[in-house]
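J.: What follows is the file run26.txt, containing compact mmCIF, C-alpha atoms:
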```txt
# COMPACT_ATOMS: atom_id res chain seq x y z
CA MET A 229 12.81 45.72 57.09
CA PRO A 230 9.86 47.97 58.00
CA ASN A 231 7.79 47.04 61.02
CA PRO A 232 4.39 46.08 59.57
CA LYS A 233 2.54 47.35 62.63
CA GLY A 234 4.53 50.59 62.56
CA THR A 235 4.82 50.83 66.34
CA ASN A 236 8.04 52.00 67.92
CA LYS A 237 7.26 49.87 70.94
CA SER A 238 7.30 46.67 68.88
CA SER A 239 10.44 47.50 66.92
CA GLY A 240 12.13 48.55 70.17
CA LEU A 241 11.24 45.16 71.64
CA ASP A 242 12.59 43.39 68.54
CA ARG A 243 15.86 45.29 68.96
CA ARG A 244 16.14 44.52 72.66
CA ARG A 245 15.37 40.80 72.02
CA LYS A 246 18.00 40.52 69.33
CA ALA A 247 20.58 42.34 71.45
CA ALA A 248 19.87 40.03 74.39
CA GLN A 249 20.00 36.89 72.20
CA ASN A 250 23.35 37.91 70.78
CA LYS A 251 24.91 38.90 74.10
CA ASP A 252 26.55 36.23 76.19
CA ASN A 253 23.97 36.54 78.96
CA ALA A 254 23.60 33.46 81.14
CA ASN A 255 20.44 34.69 82.88
CA TYR A 256 18.74 35.47 79.57
CA ALA A 257 19.72 32.09 78.11
CA GLU A 258 18.48 30.23 81.17
CA ARG A 259 15.15 32.06 81.26
CA ARG A 260 14.74 31.52 77.51
CA ALA A 261 15.35 27.77 77.97
CA GLN A 262 12.65 27.73 80.68
CA ILE A 263 10.19 29.45 78.36
CA LEU A 264 11.00 27.01 75.54
CA ALA A 265 10.47 24.08 77.92
CA SER A 266 7.10 25.54 78.94
CA ALA A 267 6.19 26.08 75.29
CA ALA A 268 7.09 22.44 74.48
CA GLU A 269 4.89 21.20 77.34
CA VAL A 270 1.87 23.24 76.29
CA PHE A 271 2.31 22.42 72.57
CA ALA A 272 2.51 18.71 73.47
CA GLU A 273 -0.60 18.84 75.66
CA GLU A 274 -2.83 21.18 73.66
CA GLY A 275 -1.48 21.07 70.10
CA TYR A 276 0.00 24.05 68.26
CA ASP A 277 -3.24 25.57 67.00
CA ALA A 278 -5.00 25.51 70.36
CA THR A 279 -2.00 26.98 72.21
CA THR A 280 -1.81 30.72 72.88
CA LEU A 281 1.15 32.80 74.01
CA ASN A 282 -0.86 33.47 77.17
CA ASP A 283 -0.95 29.70 77.85
CA ILE A 284 2.82 29.50 77.45
CA ALA A 285 3.38 32.58 79.59
CA ALA A 286 1.14 31.17 82.33
CA ARG A 287 3.01 27.83 82.26
CA ALA A 288 6.32 29.69 82.54
CA GLY A 289 4.98 31.78 85.41
CA THR A 290 5.23 35.05 83.56
CA ASP A 291 3.10 37.23 81.29
CA ARG A 292 2.69 37.49 77.55
CA ALA A 293 4.69 40.70 77.27
CA SER A 294 7.68 39.04 78.92
CA VAL A 295 7.48 36.08 76.52
CA TYR A 296 7.93 38.56 73.64
CA TYR A 297 11.31 39.42 75.10
CA TYR A 298 12.40 35.85 74.28
CA ALA A 299 10.56 35.10 71.01
CA SER A 300 8.70 37.29 68.53
CA SER A 301 5.77 34.92 67.96
CA LYS A 302 4.21 31.55 68.70
CA GLU A 303 5.66 30.32 65.42
CA GLU A 304 9.19 31.30 66.45
CA LEU A 305 8.77 29.50 69.78
CA PHE A 306 7.52 26.42 67.90
CA GLN A 307 10.50 26.45 65.54
CA GLN A 308 12.89 26.78 68.47
CA VAL A 309 11.19 23.91 70.29
CA CYS A 310 11.50 21.64 67.23
CA SER A 311 14.87 22.73 65.90
CA GLY A 312 18.01 20.66 66.11
CA MET A 313 16.51 17.22 66.71
CA LEU A 314 16.16 16.18 63.07
CA ALA A 315 19.63 17.57 62.32
CA ALA A 316 21.07 15.51 65.19
CA ASN A 317 19.26 12.34 64.05
CA LEU A 318 20.42 12.86 60.48
CA ALA A 319 24.04 13.42 61.53
CA ALA A 320 23.98 10.30 63.72
CA ALA A 321 22.41 8.21 60.93
CA GLU A 322 25.00 9.39 58.39
CA GLU A 323 27.82 8.50 60.77
CA ILE A 324 26.33 5.06 61.46
CA ALA A 325 25.81 4.47 57.72
CA GLU A 326 29.47 5.17 56.98
CA GLY A 327 30.65 2.60 59.55
CA ASP A 328 31.60 -1.03 59.06
CA LEU A 329 28.59 -2.72 60.67
CA SER A 330 26.17 -5.02 58.85
CA ALA A 331 23.01 -3.44 57.40
CA ALA A 332 20.93 -4.98 60.21
CA ASP A 333 23.23 -3.63 62.92
CA LYS A 334 23.24 -0.16 61.32
CA LEU A 335 19.44 -0.13 61.30
CA GLU A 336 19.34 -1.20 64.93
CA GLN A 337 21.75 1.62 65.91
CA ILE A 338 19.73 4.21 64.02
CA MET A 339 16.52 3.01 65.70
CA ALA A 340 18.19 3.20 69.11
CA ASN A 341 19.47 6.71 68.43
CA HIS A 342 16.04 7.85 67.18
CA LEU A 343 14.28 6.66 70.33
CA LYS A 344 17.02 8.10 72.55
CA THR A 345 16.24 11.48 70.93
CA HIS A 346 12.61 11.00 71.89
CA GLU A 347 13.55 10.09 75.47
CA GLN A 348 16.08 12.88 75.99
CA GLY A 349 14.10 15.44 74.00
CA TYR A 350 10.75 14.82 75.65
CA PRO A 351 8.33 16.49 75.09
CA GLN A 352 9.97 18.46 72.24
CA TRP A 353 10.24 15.36 70.03
CA THR A 354 6.57 14.58 70.67
CA VAL A 355 5.71 18.10 69.49
CA LEU A 356 7.86 17.70 66.36
CA VAL A 357 6.23 14.41 65.33
CA ARG A 358 2.71 15.40 66.31
CA GLU A 359 2.98 18.65 64.35
CA LEU A 360 5.07 17.17 61.54
CA ARG A 361 2.74 18.54 58.89
CA ARG A 362 3.39 22.05 60.23
CA VAL A 363 7.15 21.40 60.47
CA THR A 364 7.19 20.24 56.85
CA ASP A 365 4.67 22.64 55.28
CA ALA A 366 7.56 24.31 53.37
CA ARG A 367 6.17 27.80 54.01
CA THR A 368 9.38 29.07 55.63
CA ASP A 369 13.11 28.61 55.04
CA TRP A 370 13.24 26.79 58.36
CA SER A 371 10.55 24.33 57.23
CA ARG A 372 12.21 23.75 53.86
CA GLU A 373 15.47 22.90 55.67
CA GLU A 374 13.63 20.50 57.99
CA VAL A 375 11.95 18.83 54.99
CA GLU A 376 15.35 18.35 53.39
CA ARG A 377 16.78 16.86 56.62
CA MET A 378 13.86 14.45 56.86
CA ARG A 379 14.24 13.46 53.22
CA ARG A 380 17.96 12.79 53.74
CA TYR A 381 17.31 10.93 57.00
CA GLU A 382 14.82 8.61 55.28
CA ALA A 383 17.22 8.22 52.34
CA VAL A 384 20.00 7.03 54.68
CA VAL A 385 17.71 4.31 56.05
CA ARG A 386 16.53 3.31 52.57
CA SER A 387 20.12 3.15 51.34
CA ILE A 388 21.15 0.84 54.20
CA LEU A 389 18.18 -1.41 53.39
CA GLU A 390 19.23 -1.51 49.72
CA ASP A 391 22.83 -2.29 50.67
CA GLY A 392 21.63 -5.20 52.80
CA MET A 393 19.39 -6.49 50.01
CA ASN A 394 22.30 -6.25 47.58
CA ASP A 395 24.80 -8.05 49.85
CA GLY A 396 22.27 -10.81 50.53
CA SER A 397 21.81 -10.16 54.25
CA LEU A 398 18.32 -8.61 53.90
CA ARG A 399 15.27 -9.97 52.08
CA ARG A 400 14.75 -8.73 48.55
CA ASP A 401 11.02 -9.49 48.38
CA ILE A 402 10.13 -6.38 50.37
CA ASP A 403 10.19 -2.95 48.74
CA PRO A 404 12.83 -0.76 50.44
CA ASP A 405 10.42 2.20 50.42
CA VAL A 406 7.73 0.19 52.20
CA ALA A 407 10.32 -1.11 54.68
CA THR A 408 11.53 2.46 55.33
CA HIS A 409 7.96 3.57 56.03
CA ALA A 410 7.46 0.55 58.31
CA ILE A 411 10.54 1.43 60.38
CA PHE A 412 9.69 5.12 60.69
CA GLY A 413 6.10 4.17 61.48
CA MET A 414 7.17 2.07 64.46
CA LEU A 415 9.59 4.79 65.60
CA ASN A 416 7.39 7.84 65.16
CA TRP A 417 4.13 6.36 66.42
CA THR A 418 5.75 6.45 69.87
CA HIS A 419 4.51 10.06 70.00
CA ARG A 420 1.10 8.53 70.76
CA TRP A 421 2.12 6.34 73.68
CA TYR A 422 5.70 6.78 74.89
CA ARG A 423 6.15 8.59 78.21
CA PRO A 424 9.49 8.95 80.05
CA ASP A 425 7.73 7.77 83.24
CA GLY A 426 6.11 4.81 81.41
CA PRO A 427 7.03 1.14 81.83
CA TYR A 428 9.61 0.98 79.00
CA ASP A 429 12.78 3.01 78.49
CA ALA A 430 13.92 4.02 75.03
CA ALA A 431 16.69 1.40 74.90
CA THR A 432 14.23 -1.42 75.66
CA ILE A 433 11.75 -0.21 73.05
CA ALA A 434 14.54 0.15 70.47
CA ARG A 435 15.83 -3.36 71.15
CA GLU A 436 12.36 -4.89 70.81
CA PHE A 437 11.44 -2.81 67.75
CA ALA A 438 14.69 -3.84 66.07
CA ALA A 439 14.04 -7.49 66.98
CA ILE A 440 10.57 -7.25 65.39
CA ALA A 441 11.68 -5.41 62.22
CA LEU A 442 14.82 -7.46 61.65
CA SER A 443 13.93 -10.93 62.93
CA GLY A 444 10.13 -10.91 63.09
CA LEU A 445 7.67 -11.98 65.73
CA THR A 446 7.38 -15.62 64.72
CA VAL A 447 9.68 -18.22 66.19
CA ARG A 448 12.41 -19.08 63.70
CA ASP A 449 12.87 -22.79 63.09
CA ALA A 450 16.12 -24.21 64.42
CA GLY A 451 18.82 -24.04 61.72
CA MET B 857 -32.83 21.47 75.47
CA PRO B 858 -32.80 25.29 75.30
CA ASN B 859 -31.01 26.89 72.40
CA PRO B 860 -27.98 28.62 73.95
CA LYS B 861 -28.09 31.46 71.40
CA GLY B 862 -31.81 31.90 71.94
CA THR B 863 -32.58 32.62 68.28
CA ASN B 864 -35.69 31.19 66.67
CA LYS B 865 -33.86 31.07 63.37
CA SER B 866 -31.23 28.70 64.74
CA SER B 867 -33.67 26.43 66.54
CA GLY B 868 -35.87 26.38 63.44
CA LEU B 869 -32.86 25.24 61.41
CA ASP B 870 -32.05 22.58 64.01
CA ARG B 871 -35.63 21.31 63.71
CA ARG B 872 -35.55 21.27 59.91
CA ARG B 873 -32.16 19.48 59.89
CA LYS B 874 -33.36 16.80 62.28
CA ALA B 875 -36.57 16.31 60.32
CA ALA B 876 -34.60 15.94 57.07
CA GLN B 877 -32.09 13.54 58.65
CA ASN B 878 -34.88 11.36 59.97
CA LYS B 879 -36.92 11.34 56.77
CA ASP B 880 -36.10 8.79 54.09
CA ASN B 881 -34.92 11.45 51.63
CA ALA B 882 -32.49 10.24 48.97
CA ASN B 883 -31.62 13.74 47.75
CA TYR B 884 -30.86 14.93 51.26
CA ALA B 885 -28.73 11.85 52.00
CA GLU B 886 -26.79 12.21 48.76
CA ARG B 887 -26.10 15.90 49.29
CA ARG B 888 -25.10 15.22 52.89
CA ALA B 889 -22.64 12.55 51.71
CA GLN B 890 -21.13 15.07 49.28
CA ILE B 891 -20.69 17.63 52.06
CA LEU B 892 -19.09 15.00 54.33
CA ALA B 893 -16.71 14.05 51.50
CA SER B 894 -15.77 17.72 51.04
CA ALA B 895 -15.29 18.09 54.79
CA ALA B 896 -12.99 15.04 54.85
CA GLU B 897 -10.89 16.47 52.03
CA VAL B 898 -10.45 19.85 53.67
CA PHE B 899 -9.80 18.37 57.13
CA ALA B 900 -7.14 16.09 55.56
CA GLU B 901 -5.46 18.94 53.70
CA GLU B 902 -5.67 21.74 56.26
CA GLY B 903 -6.13 20.01 59.61
CA TYR B 904 -9.20 20.39 61.82
CA ASP B 905 -8.21 23.58 63.60
CA ALA B 906 -7.33 25.49 60.42
CA THR B 907 -10.54 24.41 58.65
CA THR B 908 -13.60 26.67 58.65
CA LEU B 909 -17.18 25.88 57.68
CA ASN B 910 -16.68 28.39 54.85
CA ASP B 911 -13.79 26.27 53.51
CA ILE B 912 -15.98 23.16 53.57
CA ALA B 913 -18.91 25.01 51.96
CA ALA B 914 -16.62 26.34 49.21
CA ARG B 915 -15.25 22.84 48.52
CA ALA B 916 -18.79 21.47 48.30
CA GLY B 917 -19.81 24.30 45.97
CA THR B 918 -22.33 25.78 48.38
CA ASP B 919 -22.47 28.36 51.16
CA ARG B 920 -22.07 28.17 54.90
CA ALA B 921 -25.78 28.57 55.59
CA SER B 922 -26.55 25.53 53.43
CA VAL B 923 -23.95 23.45 55.27
CA TYR B 924 -25.88 24.11 58.49
CA TYR B 925 -28.80 22.29 56.95
CA TYR B 926 -26.66 19.12 57.02
CA ALA B 927 -24.64 19.51 60.24
CA SER B 928 -24.92 21.84 63.21
CA SER B 929 -21.20 22.55 63.60
CA LYS B 930 -17.67 21.82 62.39
CA GLU B 931 -17.37 19.37 65.28
CA GLU B 932 -20.46 17.44 64.15
CA LEU B 933 -19.08 17.25 60.59
CA PHE B 934 -15.78 15.99 62.00
CA GLN B 935 -17.49 13.30 64.06
CA GLN B 936 -19.51 12.17 61.06
CA VAL B 937 -16.36 12.03 58.89
CA CYS B 938 -14.55 9.88 61.46
CA SER B 939 -17.42 7.72 62.67
CA GLY B 940 -17.83 4.08 61.81
CA MET B 941 -14.31 3.20 60.74
CA LEU B 942 -12.99 2.21 64.17
CA ALA B 943 -16.18 0.27 64.85
CA ALA B 944 -15.75 -1.61 61.55
CA ASN B 945 -12.08 -2.35 62.26
CA LEU B 946 -12.91 -3.55 65.75
CA ALA B 947 -15.72 -5.81 64.51
CA ALA B 948 -13.47 -7.30 61.82
CA ALA B 949 -10.64 -7.87 64.31
CA GLU B 950 -12.97 -9.58 66.79
CA GLU B 951 -14.29 -11.88 64.07
CA ILE B 952 -10.75 -12.73 62.90
CA ALA B 953 -9.64 -13.33 66.50
CA GLU B 954 -12.45 -15.86 67.03
CA GLY B 955 -11.44 -17.89 63.95
CA ASP B 956 -9.21 -20.94 63.71
CA LEU B 957 -6.12 -19.37 62.09
CA SER B 958 -2.68 -19.26 63.67
CA ALA B 959 -1.78 -16.12 65.64
CA ALA B 960 0.49 -14.99 62.78
CA ASP B 961 -2.24 -15.42 60.17
CA LYS B 962 -4.77 -13.60 62.37
CA LEU B 963 -2.38 -10.66 62.71
CA GLU B 964 -1.80 -10.58 58.96
CA GLN B 965 -5.56 -10.53 58.32
CA ILE B 966 -6.11 -7.72 60.80
CA MET B 967 -3.29 -5.70 59.20
CA ALA B 968 -4.79 -6.26 55.75
CA ASN B 969 -8.26 -5.20 56.92
CA HIS B 970 -6.85 -2.10 58.65
CA LEU B 971 -5.08 -0.91 55.51
CA LYS B 972 -8.11 -1.73 53.35
CA THR B 973 -10.07 0.65 55.61
CA HIS B 974 -7.48 3.30 54.88
CA GLU B 975 -7.69 2.67 51.12
CA GLN B 976 -11.48 2.53 50.90
CA GLY B 977 -12.04 5.26 53.47
CA TYR B 978 -9.56 7.73 52.06
CA PRO B 979 -9.27 10.53 53.10
CA GLN B 980 -11.58 9.99 56.10
CA TRP B 981 -9.18 7.49 57.69
CA THR B 982 -6.30 9.94 57.23
CA VAL B 983 -8.36 12.55 59.10
CA LEU B 984 -9.15 10.10 61.90
CA VAL B 985 -5.49 9.14 62.46
CA ARG B 986 -4.10 12.63 61.98
CA GLU B 987 -6.61 14.09 64.45
CA LEU B 988 -6.55 11.07 66.76
CA ARG B 989 -5.90 13.24 69.78
CA ARG B 990 -9.11 15.12 69.04
CA VAL B 991 -11.03 11.88 68.40
CA THR B 992 -9.85 10.50 71.76
CA ASP B 993 -9.97 13.64 73.93
CA ALA B 994 -12.92 12.11 75.83
CA ARG B 995 -14.77 15.43 75.95
CA THR B 996 -17.94 14.03 74.32
CA ASP B 997 -19.89 10.78 74.51
CA TRP B 998 -18.85 10.12 70.91
CA SER B 999 -15.18 10.49 71.81
CA ARG B 1000 -15.50 8.27 74.87
CA GLU B 1001 -17.05 5.56 72.69
CA GLU B 1002 -14.25 5.91 70.12
CA VAL B 1003 -11.64 5.64 72.92
CA GLU B 1004 -13.32 2.46 74.10
CA ARG B 1005 -13.34 1.01 70.56
CA MET B 1006 -9.67 1.82 70.12
CA ARG B 1007 -8.84 0.27 73.50
CA ARG B 1008 -10.73 -2.90 72.55
CA TYR B 1009 -9.14 -2.99 69.08
CA GLU B 1010 -5.65 -2.80 70.57
CA ALA B 1011 -6.63 -5.39 73.18
CA VAL B 1012 -7.68 -7.85 70.44
CA VAL B 1013 -4.24 -7.52 68.79
CA ARG B 1014 -2.44 -7.84 72.13
CA SER B 1015 -4.50 -10.91 72.99
CA ILE B 1016 -3.62 -12.62 69.69
CA LEU B 1017 0.06 -11.86 70.35
CA GLU B 1018 -0.21 -13.38 73.82
CA ASP B 1019 -1.98 -16.46 72.45
CA GLY B 1020 0.84 -16.96 69.95
CA MET B 1021 3.48 -16.53 72.65
CA ASN B 1022 1.66 -19.05 74.82
CA ASP B 1023 1.26 -21.67 72.06
CA GLY B 1024 4.93 -21.31 71.11
CA SER B 1025 4.41 -19.89 67.63
CA LEU B 1026 5.45 -16.32 68.53
CA ARG B 1027 8.60 -15.16 70.34
CA ARG B 1028 8.28 -14.62 74.07
CA ASP B 1029 11.26 -12.24 74.40
CA ILE B 1030 9.25 -9.30 73.10
CA ASP B 1031 6.72 -7.53 75.29
CA PRO B 1032 3.21 -7.89 73.79
CA ASP B 1033 2.49 -4.22 74.54
CA VAL B 1034 5.58 -3.09 72.67
CA ALA B 1035 4.72 -5.43 69.79
CA THR B 1036 1.16 -4.05 69.69
CA HIS B 1037 2.52 -0.50 69.50
CA ALA B 1038 4.96 -1.56 66.75
CA ILE B 1039 2.15 -3.03 64.63
CA PHE B 1040 -0.17 -0.04 65.06
CA GLY B 1041 2.77 2.27 64.42
CA MET B 1042 3.46 0.69 61.04
CA LEU B 1043 -0.26 0.69 60.20
CA ASN B 1044 -1.16 4.18 61.35
CA TRP B 1045 1.94 6.00 60.13
CA THR B 1046 0.55 5.42 56.63
CA HIS B 1047 -1.46 8.62 57.25
CA ARG B 1048 1.82 10.44 56.52
CA TRP B 1049 2.61 8.82 53.18
CA TYR B 1050 -0.12 6.55 51.76
CA ARG B 1051 -2.09 7.92 48.80
CA PRO B 1052 -4.63 5.89 46.77
CA ASP B 1053 -2.86 7.09 43.60
CA GLY B 1054 0.58 6.20 45.01
CA PRO B 1055 2.80 3.32 43.86
CA TYR B 1056 1.50 0.73 46.40
CA ASP B 1057 -2.00 -0.54 46.99
CA ALA B 1058 -3.23 -1.43 50.46
CA ALA B 1059 -2.96 -5.19 49.89
CA THR B 1060 0.71 -4.91 48.85
CA ILE B 1061 1.56 -2.72 51.84
CA ALA B 1062 -0.26 -5.09 54.18
CA ARG B 1063 1.56 -8.14 52.78
CA GLU B 1064 4.96 -6.48 53.15
CA PHE B 1065 4.21 -5.02 56.59
CA ALA B 1066 3.08 -8.46 57.77
CA ALA B 1067 6.23 -10.03 56.29
CA ILE B 1068 8.37 -7.51 58.19
CA ALA B 1069 6.53 -7.78 61.51
CA LEU B 1070 6.15 -11.55 61.45
CA SER B 1071 9.27 -12.81 59.64
CA GLY B 1072 11.65 -9.84 59.81
CA LEU B 1073 13.83 -8.14 57.24
CA THR B 1074 16.88 -10.33 57.61
CA VAL B 1075 17.30 -13.46 55.51
CA ARG B 1076 16.45 -16.50 57.59
CA ASP B 1077 19.08 -19.22 57.54
CA ALA B 1078 18.01 -22.38 55.75
CA GLY B 1079 16.45 -24.84 58.22
```
Could you express the structure from this file as structure tokens?
T.:
Amino acid sequence: MPNPKGTNKSSGLDRRRKAAQNKDNANYAERRAQILASAAEVFAEEGYDATTLNDIAARAGTDRASVYYYASSKEELFQQVCSGMLAANLAAAEEIAEGDLSAADKLEQIMANHLKTHEQGYPQWTVLVRELRRVTDARTDWSREEVERMRRYEAVVRSILEDGMNDGSLRRDIDPDVATHAIFGMLNWTHRWYRPDGPYDAATIAREFAAIALSGLTVRDAG
Amino acid sequence: MPNPKGTNKSSGLDRRRKAAQNKDNANYAERRAQILASAAEVFAEEGYDATTLNDIAARAGTDRASVYYYASSKEELFQQVCSGMLAANLAAAEEIAEGDLSAADKLEQIMANHLKTHEQGYPQWTVLVRELRRVTDARTDWSREEVERMRRYEAVVRSILEDGMNDGSLRRDIDPDVATHAIFGMLNWTHRWYRPDGPYDAATIAREFAAIALSGLTVRDAG
């Protein structure tokens, strides 16, 4: 593919970056992980549009030219920050769905896994949710794959809800689409308020969210 | 206040805009409402950062110079698009909170009002929620007032939850902060999926969200 800018310097850098990424180079991989972590922090604090490669370089304690040795653009850094989390959530949800638990227990496990991703992948998960429109704008192959993962992830949850409605364990007077949106709303709105150093850990939030969504806030009359 | 650009043209325009805004001019008000509606559409579709005044002018069928006759900047247009909705939601919530309903019924009414705001104020409400970080960045007096309204709005919901826990109608094993976040998560995540021409109207969504949050998805055993 021709280099659009036509500079040997840039294509030389592209070559060196690709060679370094492909080589089994522990120092390179470690430094790249540091730069991705810095990118995630700045994206989470400033938003994608307001972030510059200079901001990321400064956070990582290096300069813009050095960042180019690890990623070719802000967009590539963003994709690398966001990649993998939806795939992991989808895989976990599919495995939970195939198990023998009740519909309610499957939903609770998926909610717990989702919030664990947020806790362990902080602030990357915050960036993914906050910039979800960019992740899912379908302008790149990467985005189209992420859209498809999200669609399948939501479909797993909807399917569990429908199973529970069909086997009589879940209410049938609530539309499964609306219930799916309600569950993902609770889960994803955490990007606005959840902090790893806040008062609630992911397991506590998941347990209480599941209690609300499955059993409701009102006191159930004694059976 | 001195004009930072020091051009007579700009300060003359500022003067003319302020004079027109203050005069009781139906044509001006109508045209301004059209430009705000165009701004809301473009902000909702493209996001604030990616939107230019040229985009808004093009959507409104005019040019950038004419837009300046209605607002001094993209930021002012954004504030005007977002203004008023949080204040209205807060006022409605405070009135509901002061009534004689049960805690559960108060929460259901607040949820219904919130989603009605989204339906009637579409796409302005979508812009407000999607750009909430910008609305609440506390860099302007307007933002600081919006932050305070949001804080009070959330406090009204939390207070109703606490009242219900204290009078025995709501469960006490769920933290009222977590429950508040769960409710606002369901309500605000609609910015990702709700469309006025979609399959569900705001009243249906509100009824089903309230059923989920208050009674839960699982079938309650017969009492």
J.: Hey, which bits of chain B sit within 7 Å of chain A, and for each residue what's the closest pair of atoms and how far apart in Å (one decimal), counting all atoms listed in the file, rows by chain and increasing number, as a tab-separated table?
T.:
```
residue	atom	partner	partner_atom	distance
B:Asp905	CA	A:Asp277	CA	6.3
B:Ser1025	CA	A:Val447	CA	5.7
B:Leu1026	CA	A:Thr446	CA	4.3
B:Arg1027	CA	A:Val447	CA	5.3
B:Ile1030	CA	A:Glu436	CA	5.9
B:Val1034	CA	A:Ile433	CA	6.8
B:Ala1038	CA	A:Met414	CA	4.8
B:Gly1041	CA	A:Met414	CA	4.4
B:Met1042	CA	A:Gly413	CA	4.4
B:Trp1045	CA	A:Gly413	CA	4.7
B:Ile1061	CA	A:Val406	CA	6.8
B:Glu1064	CA	A:Ile402	CA	5.9
B:Phe1065	CA	A:Ala410	CA	6.7
B:Ile1068	CA	A:Ala441	CA	5.6
B:Ala1069	CA	A:Gly444	CA	5.0
B:Leu1070	CA	A:Gly444	CA	4.4
B:Ser1071	CA	A:Gly444	CA	4.0
B:Gly1072	CA	A:Gly444	CA	3.8
B:Leu1073	CA	A:Leu442	CA	4.6
B:Thr1074	CA	A:Leu398	CA	4.3
B:Val1075	CA	A:Leu398	CA	5.2
B:Asp1077	CA	A:Gly451	CA	6.4
B:Ala1078	CA	A:Gly451	CA	6.2
B:Gly1079	CA	A:Gly451	CA	4.3
```
J.: I'd like the neighbourhood of range 297-304 of chain A as a PDB file with C-alpha atoms, in the frame of the given file, where a residue qualifies if any of its atoms comes within 7 Å (using only C-alpha atoms), though same-chain residues fewer than 2 positions away should be ignored.
T.:
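Full text of out10.pdb as output:
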```pdb
ATOM      1  CA  LEU A 241      11.240  45.160  71.640  1.00  0.00           C
ATOM      2  CA  ARG A 245      15.370  40.800  72.020  1.00  0.00           C
ATOM      3  CA  ARG A 260      14.740  31.520  77.510  1.00  0.00           C
ATOM      4  CA  LEU A 281       1.150  32.800  74.010  1.00  0.00           C
ATOM      5  CA  SER A 294       7.680  39.040  78.920  1.00  0.00           C
ATOM      6  CA  VAL A 295       7.480  36.080  76.520  1.00  0.00           C
ATOM      7  CA  PHE A 306       7.520  26.420  67.900  1.00  0.00           C
ATOM      8  CA  GLN A 307      10.500  26.450  65.540  1.00  0.00           C
ATOM      9  CA  GLN A 308      12.890  26.780  68.470  1.00  0.00           C
TER      10      GLN A 308
END
```
J.: Which residue, B:Pro1032, B:Val1003, B:Trp981, B:Val1012, has the smallest gap to Ile966 in chain B when you use only C-alpha atoms?
T.: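 Checking each candidate against Ile966 in chain B, we get B:Val1012 as the closest.
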J.: For Ala896 in chain B, work out the shell of residues within 8 Å, counting all atoms listed in the file and skipping chain neighbours fewer than 4 positions away, then give it as an MDAnalysis selection string.
T.: chainID B and resid 892 900 934 937 979:980 983
J.: At a cut-off of 9 Å, using only C-alpha atoms, what residues contact Val991 in chain B? Leave out same-chain residues fewer than 5 positions from it and give the result as a list in words.
T.: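 That gives Phe934, Gln935, Cys938, Leu984, Val985, Trp998, Ser999, Arg1000, Glu1002 and Val1003 of chain B.
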J.: Which residues come within 12 Å of Ala315 in chain A, counting only C-alpha atoms, excluding same-chain residues fewer than 4 positions away, as a list in words?
T.: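 Here the answer would be Cys310, Ser311, Ala319, Ala320, Ala321, Glu322, His342, Thr345, Trp370, Glu373, Glu374, Val375, Glu376, Arg377, Met378, Arg379, Arg380 and Tyr381 of chain A.
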J.: Please, could you write that set of residues out with C-alpha atoms as a PDB file, in the frame of the given file?
T.:
```pdb
ATOM      1  CA  CYS A 310      11.500  21.640  67.230  1.00  0.00           C
ATOM      2  CA  SER A 311      14.870  22.730  65.900  1.00  0.00           C
ATOM      3  CA  ALA A 319      24.040  13.420  61.530  1.00  0.00           C
ATOM      4  CA  ALA A 320      23.980  10.300  63.720  1.00  0.00           C
ATOM      5  CA  ALA A 321      22.410   8.210  60.930  1.00  0.00           C
ATOM      6  CA  GLU A 322      25.000   9.390  58.390  1.00  0.00           C
ATOM      7  CA  HIS A 342      16.040   7.850  67.180  1.00  0.00           C
ATOM      8  CA  THR A 345      16.240  11.480  70.930  1.00  0.00           C
ATOM      9  CA  TRP A 370      13.240  26.790  58.360  1.00  0.00           C
ATOM     10  CA  GLU A 373      15.470  22.900  55.670  1.00  0.00           C
ATOM     11  CA  GLU A 374      13.630  20.500  57.990  1.00  0.00           C
ATOM     12  CA  VAL A 375      11.950  18.830  54.990  1.00  0.00           C
ATOM     13  CA  GLU A 376      15.350  18.350  53.390  1.00  0.00           C
ATOM     14  CA  ARG A 377      16.780  16.860  56.620  1.00  0.00           C
ATOM     15  CA  MET A 378      13.860  14.450  56.860  1.00  0.00           C
ATOM     16  CA  ARG A 379      14.240  13.460  53.220  1.00  0.00           C
ATOM     17  CA  ARG A 380      17.960  12.790  53.740  1.00  0.00           C
ATOM     18  CA  TYR A 381      17.310  10.930  57.000  1.00  0.00           C
TER      19      TYR A 381
END
```
J.: Suppose you want the space between CA of Asp870 in chain B and CA of Arg915 in chain B; what is it in Å?
T.: 22.9 Å
J.: Distance CA of Val898 in chain B-CA of Leu942 in chain B, one decimal place?
T.: 20.7 Å
J.: Between CA of Tyr256 in chain A and CA of Asn317 in chain A, what distance in Å does the model show, to one decimal?
T.: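 Atom-to-atom, CA of Tyr256 in chain A to CA of Asn317 in chain A, that is 27.9 Å.
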